[in-house]
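What follows is a set of notes on a single structure, which appears directly below.
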2 protein chains.
Amino acid sequence: MKRKTKGGIPPERDVRERLIEVATGLFANKGYATATTREIVCAAGVTKPVLYYYFRSKEGIYLEIMEKSYKRFESVVGEAASVSGDVIERLLYLCDKAFELVLEKIDVVRIMYSIYYGPPQGAPFFDFDGVHQKLYEAIGQIVIEGIKKKELKEANPEDMTWAILGAFHMAMENELSHPERELGREGLRRILTLIFGGISRQTGRRGKGETK
Amino acid sequence: MKRKTKGGIPPERDVRERLIEVATGLFANKGYATATTREIVCAAGVTKPVLYYYFRSKEGIYLEIMEKSYKRFESVVGEAASVSGDVIERLLYLCDKAFELVLEKIDVVRIMYSIYYGPPQGAPFFDFDGVHQKLYEAIGQIVIEGIKKKELKEANPEDMTWAILGAFHMAMENELSHPERELGREGLRRILTLIFGGISRQTGRRGKGETK
């Protein structure tokens with residue numbers, strides 16, 4: 001997805017986006033603390049004042065990356081959570097849409113994991129728990145609805161939400177560290193379908209209405 | 001679990017273990033790169049040559065922490081995987097035993113996540129994927145056996161293993177970042193039981209032989 005400057009002065013929007021793209025790659029690969037403003041502007045082919053003009057600082061460009069991605073995530077999750085239909089299909093759809101965004105923004109996810117689990121790196125505060133909470137609540141809402149409508153079993157909705165999120169995280173972490181396994185969206189769908197239907201033969205008796 | 005020196009020259013084993021304990025805490029909280037040899041020896045109440053004598057270097061003490069924990073993990077997983085009985089109970093037991101060790105060694109898990117997902121920190125190579133693989137294979141073996149014995153449904157054993165590992169990781173990550181949620185061993189058992197029996201009412205018909 002690298003853009004090429006077509007010669008001459010690039011349009012304003014292009015410069016801004018190129019800075020974001022380049023900074024995302026550097027933060028993801030070298031780490032937030034190690035990536036310098038100089039490296040970012042060099043790689044983007046601009047001078048420091050250009051970065052300062054748009055983002056004020058390295059902190060500024062970092063927060064912009066996070067907020068921009070969070071807004072996308074929020075709207076994708078919001079939209080996907082509001083479709084109607086069968087609860088199982090809705091849960092599959094929501095997880096797929098959220099995971100599609102994870103794949104698109106894998107470098108941003110990499111930065112999040114690095115800041116969240118890594119050592120203190122001097123990055124300004126960003127509410128990563130809030131991002132997680134967004135998906136947790138969207139799934140939880142549908143789960144509660146599913147229990148009420150008797151489409152899901154009567155069990156602790158929080159535990160059900162964790163089971164679903166576990167599959168989501170597993171797929172995300174495979175994508176971060178082992179993309180060659182190619183679990184991907186199809187894999188996540190298969191794992192979720194297993195969780196919905198059950199793994200055990202004893203309890204998970206094959207009923208008439210087996211999920212596709 | 002802090003030991004107190006009882007005055008006088010502490011026995012050799014105590015010094016070695018105290019150094020490991022102190023270094024684990026510092027690596028977990030400050031990060032590997034930032035924690036210095038000086039801090040480690042200060043906190044352990046010894047001089048630098050004592051650390052060099054036992055571990056040669058910061059790299060040495062780090063590798064010792066990882067290898068020691070890995071050996072414990074290997075033996076816990078090996079033992080737990082070799083018990084006999086019903087496949088579902090065996091999977092629950094294996095995950096519980098591995099998770100019990102995670103709780104006991106949460107600071108080592110924290111270091112692992114920090115090195116694995118964090119920026120490059122100059123730590124010597126340790127095969128974290130191998131640790132993950134150990135549990136993956138142990139679960140996978142039992143799953144394959146369960147399918148053969150018709151205790152588990154006929155489905156992709158890898159997907160089943162990911163579903164189980166997803167719950168395990170979810171519980172581990174809650175413990176790392178949100179111990180106040182107190183998901184714990186009981187929570188993991190509940191989530192796994194849900195995954196075995198299924199969440200959906202349609203497929204996961206309550207059979208006679210419902211898992212306890």
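Just so we're on the same page: first chain in the structure tokens is A, next is B, and so on; residues restart at 1 for each chain, and ligands are numbered from 1 in the order they show up.
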
Check: Can you list every residue in stretch 42-198 of chain B that DSSP puts in helix (DSSP H, G or I), as a PyMOL selection string?
Finding: chain B and resi 42-44+48-55+58-81+87-104+106-117+128-148+157-177+179-181+184-197

Next item on the list: Considering only C-alpha atoms, extract the chain B residues located within 8 Å of chain A and return them as a ChimeraX atom specification.
Entry: /B:29-32,88,110,113-115,117-120,150-153,159-160,162-163,165-170,187,190-192,194-211

Take the residues that were just selected and, keeping N, CA and C atoms, output them as a compact mmCIF listing (two decimals), in the first residue's frame.
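And here's result33.txt as it stands now:
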```
# COMPACT_ATOMS: atom_id res chain seq x y z
N ASN B 29 8.93 -5.77 35.73
CA ASN B 29 8.36 -4.45 35.97
C ASN B 29 9.02 -3.31 35.20
N LYS B 30 10.34 -3.38 35.06
CA LYS B 30 11.04 -2.29 34.37
C LYS B 30 11.34 -2.64 32.92
N GLY B 31 11.32 -3.90 32.61
CA GLY B 31 11.71 -4.34 31.26
C GLY B 31 13.15 -4.83 31.28
N TYR B 32 13.45 -5.76 30.40
CA TYR B 32 14.78 -6.37 30.37
C TYR B 32 15.89 -5.34 30.11
N ILE B 88 -12.40 -35.25 27.99
CA ILE B 88 -12.79 -33.91 28.43
C ILE B 88 -12.15 -33.60 29.79
N ARG B 110 4.99 -12.50 32.33
CA ARG B 110 5.02 -11.08 31.98
C ARG B 110 6.29 -10.76 31.17
N TYR B 113 5.85 -12.16 27.59
CA TYR B 113 4.99 -11.32 26.76
C TYR B 113 5.73 -10.04 26.36
N SER B 114 6.49 -9.49 27.30
CA SER B 114 7.20 -8.24 27.04
C SER B 114 8.27 -8.42 25.96
N ILE B 115 8.98 -9.53 26.02
CA ILE B 115 10.03 -9.77 25.03
C ILE B 115 9.39 -10.17 23.69
N TYR B 117 6.24 -9.60 22.47
CA TYR B 117 5.45 -8.57 21.78
C TYR B 117 6.09 -7.19 21.82
N GLY B 118 7.00 -6.99 22.76
CA GLY B 118 7.61 -5.67 22.91
C GLY B 118 8.64 -5.38 21.84
N PRO B 119 9.20 -4.18 21.86
CA PRO B 119 10.25 -3.81 20.89
C PRO B 119 11.51 -4.61 21.19
N PRO B 120 12.44 -4.67 20.25
CA PRO B 120 13.70 -5.37 20.51
C PRO B 120 14.37 -4.79 21.76
N LYS B 150 -14.21 -41.23 19.76
CA LYS B 150 -15.57 -40.68 19.58
C LYS B 150 -16.09 -39.97 20.83
N GLU B 151 -15.15 -39.49 21.62
CA GLU B 151 -15.59 -38.65 22.75
C GLU B 151 -15.72 -37.21 22.29
N LEU B 152 -14.96 -36.88 21.25
CA LEU B 152 -15.09 -35.53 20.65
C LEU B 152 -15.70 -35.68 19.27
N LYS B 153 -16.27 -34.58 18.81
CA LYS B 153 -16.87 -34.59 17.47
C LYS B 153 -15.82 -34.78 16.40
N ASP B 159 -8.29 -26.91 14.75
CA ASP B 159 -9.26 -25.88 15.14
C ASP B 159 -9.72 -26.09 16.58
N MET B 160 -9.92 -27.34 16.95
CA MET B 160 -10.34 -27.64 18.32
C MET B 160 -9.25 -27.20 19.30
N TRP B 162 -7.03 -24.87 18.84
CA TRP B 162 -7.01 -23.40 18.93
C TRP B 162 -8.14 -22.88 19.81
N ALA B 163 -9.30 -23.51 19.72
CA ALA B 163 -10.43 -23.06 20.55
C ALA B 163 -10.08 -23.19 22.03
N LEU B 165 -6.94 -23.47 23.33
CA LEU B 165 -5.84 -22.56 23.64
C LEU B 165 -6.30 -21.10 23.73
N GLY B 166 -7.32 -20.75 22.95
CA GLY B 166 -7.86 -19.40 23.00
C GLY B 166 -8.36 -19.08 24.40
N ALA B 167 -9.09 -20.02 24.99
CA ALA B 167 -9.59 -19.82 26.36
C ALA B 167 -8.42 -19.71 27.33
N PHE B 168 -7.41 -20.54 27.12
CA PHE B 168 -6.23 -20.52 27.99
C PHE B 168 -5.53 -19.16 27.91
N HIS B 169 -5.30 -18.68 26.70
CA HIS B 169 -4.64 -17.39 26.52
C HIS B 169 -5.46 -16.25 27.11
N MET B 170 -6.78 -16.33 26.91
CA MET B 170 -7.67 -15.29 27.42
C MET B 170 -7.54 -15.21 28.94
N GLY B 187 -12.59 -19.73 36.46
CA GLY B 187 -13.10 -19.11 35.24
C GLY B 187 -12.68 -19.88 34.00
N ARG B 190 -14.69 -22.98 33.68
CA ARG B 190 -16.07 -22.70 33.21
C ARG B 190 -16.09 -22.42 31.70
N ILE B 191 -15.13 -21.60 31.24
CA ILE B 191 -15.10 -21.25 29.81
C ILE B 191 -14.82 -22.49 28.96
N LEU B 192 -13.89 -23.32 29.42
CA LEU B 192 -13.59 -24.54 28.68
C LEU B 192 -14.80 -25.47 28.63
N LEU B 194 -17.85 -24.62 28.69
CA LEU B 194 -18.76 -24.05 27.69
C LEU B 194 -18.34 -24.44 26.28
N ILE B 195 -17.03 -24.33 26.02
CA ILE B 195 -16.52 -24.65 24.68
C ILE B 195 -16.74 -26.13 24.37
N PHE B 196 -16.55 -26.98 25.35
CA PHE B 196 -16.77 -28.41 25.12
C PHE B 196 -18.24 -28.69 24.81
N GLY B 197 -19.10 -28.10 25.60
CA GLY B 197 -20.53 -28.38 25.46
C GLY B 197 -21.23 -27.55 24.41
N GLY B 198 -20.60 -26.43 24.01
CA GLY B 198 -21.21 -25.56 23.02
C GLY B 198 -22.02 -24.45 23.67
N ILE B 199 -22.16 -23.38 22.94
CA ILE B 199 -22.85 -22.19 23.43
C ILE B 199 -24.26 -22.13 22.84
N SER B 200 -24.35 -22.59 21.62
CA SER B 200 -25.63 -22.52 20.93
C SER B 200 -26.60 -23.58 21.45
N ARG B 201 -27.86 -23.22 21.51
CA ARG B 201 -28.86 -24.19 21.92
C ARG B 201 -29.17 -25.15 20.79
N GLN B 202 -29.15 -24.62 19.56
CA GLN B 202 -29.53 -25.43 18.40
C GLN B 202 -28.67 -26.67 18.25
N THR B 203 -27.33 -26.46 18.22
CA THR B 203 -26.44 -27.59 18.01
C THR B 203 -26.14 -28.29 19.32
N GLY B 204 -25.91 -27.49 20.33
CA GLY B 204 -25.45 -28.05 21.59
C GLY B 204 -26.59 -28.57 22.43
N ARG B 205 -27.53 -29.28 21.82
CA ARG B 205 -28.64 -29.92 22.54
C ARG B 205 -28.18 -30.54 23.84
N ARG B 206 -28.91 -30.30 24.87
CA ARG B 206 -28.54 -30.92 26.13
C ARG B 206 -28.77 -32.41 26.04
N GLY B 207 -27.69 -33.15 25.97
CA GLY B 207 -27.80 -34.59 25.88
C GLY B 207 -27.94 -35.18 27.27
N LYS B 208 -28.10 -36.48 27.32
CA LYS B 208 -28.21 -37.11 28.64
C LYS B 208 -26.89 -37.01 29.39
N GLY B 209 -25.81 -37.25 28.63
CA GLY B 209 -24.51 -37.34 29.29
C GLY B 209 -23.84 -35.99 29.46
N GLU B 210 -24.56 -35.02 29.95
CA GLU B 210 -23.99 -33.68 30.09
C GLU B 210 -22.75 -33.69 30.99
N THR B 211 -21.73 -32.98 30.54
CA THR B 211 -20.48 -32.90 31.32
C THR B 211 -20.76 -32.19 32.63
```

Note to self: To one decimal place in Å, what is the distance between atom CA of A:Gly45 and atom CA of A:Val15?
What the structure shows: 9.0 Å

Item checked: Pick from B:Glu39, B:Glu79, B:Glu89, B:Glu104 nearest to B:Leu51, counting only C-alpha atoms -> B:Glu39

Next item on the list: Provide the atom CA of A:Gly25 to atom CA of A:Val108 distance in Å, to one decimal place.
Entry: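 According to the coordinates, atom CA of A:Gly25 and atom CA of A:Val108 are separated by 8.4 Å.
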
Next item on the list: Enter the distance from atom CA of A:Arg185 to atom CA of A:Phe99, in Å, rounded to one decimal.
Entry: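 Taking atom CA of A:Arg185 and atom CA of A:Phe99, their separation equals 6.9 Å.
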
Margin query: For a quick check of understanding, using only C-alpha atoms, which of B:Tyr62, B:Gly78, B:Arg56, B:Pro11 has the smallest distance to B:Glu137?
Written below: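 Answer, going by the shortest atom-to-atom distance: B:Gly78.
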
Next item on the list: Tell me, as number ranges by chain, which residues lie within 10 Å of B:Ile61, counting only C-alpha atoms; anything in the same chain fewer than 6 positions away does not count.
Entry: B: 16, 19-20, 23-24, 37, 51-52, 54-55, 67

Checklist line | Residue neighbourhood A:Val22, 9 Å, only C-alpha atoms, exclusion window fewer than 5 positions, as a PyMOL selection string | finding: chain A and resi 17+27+40-41+43-44
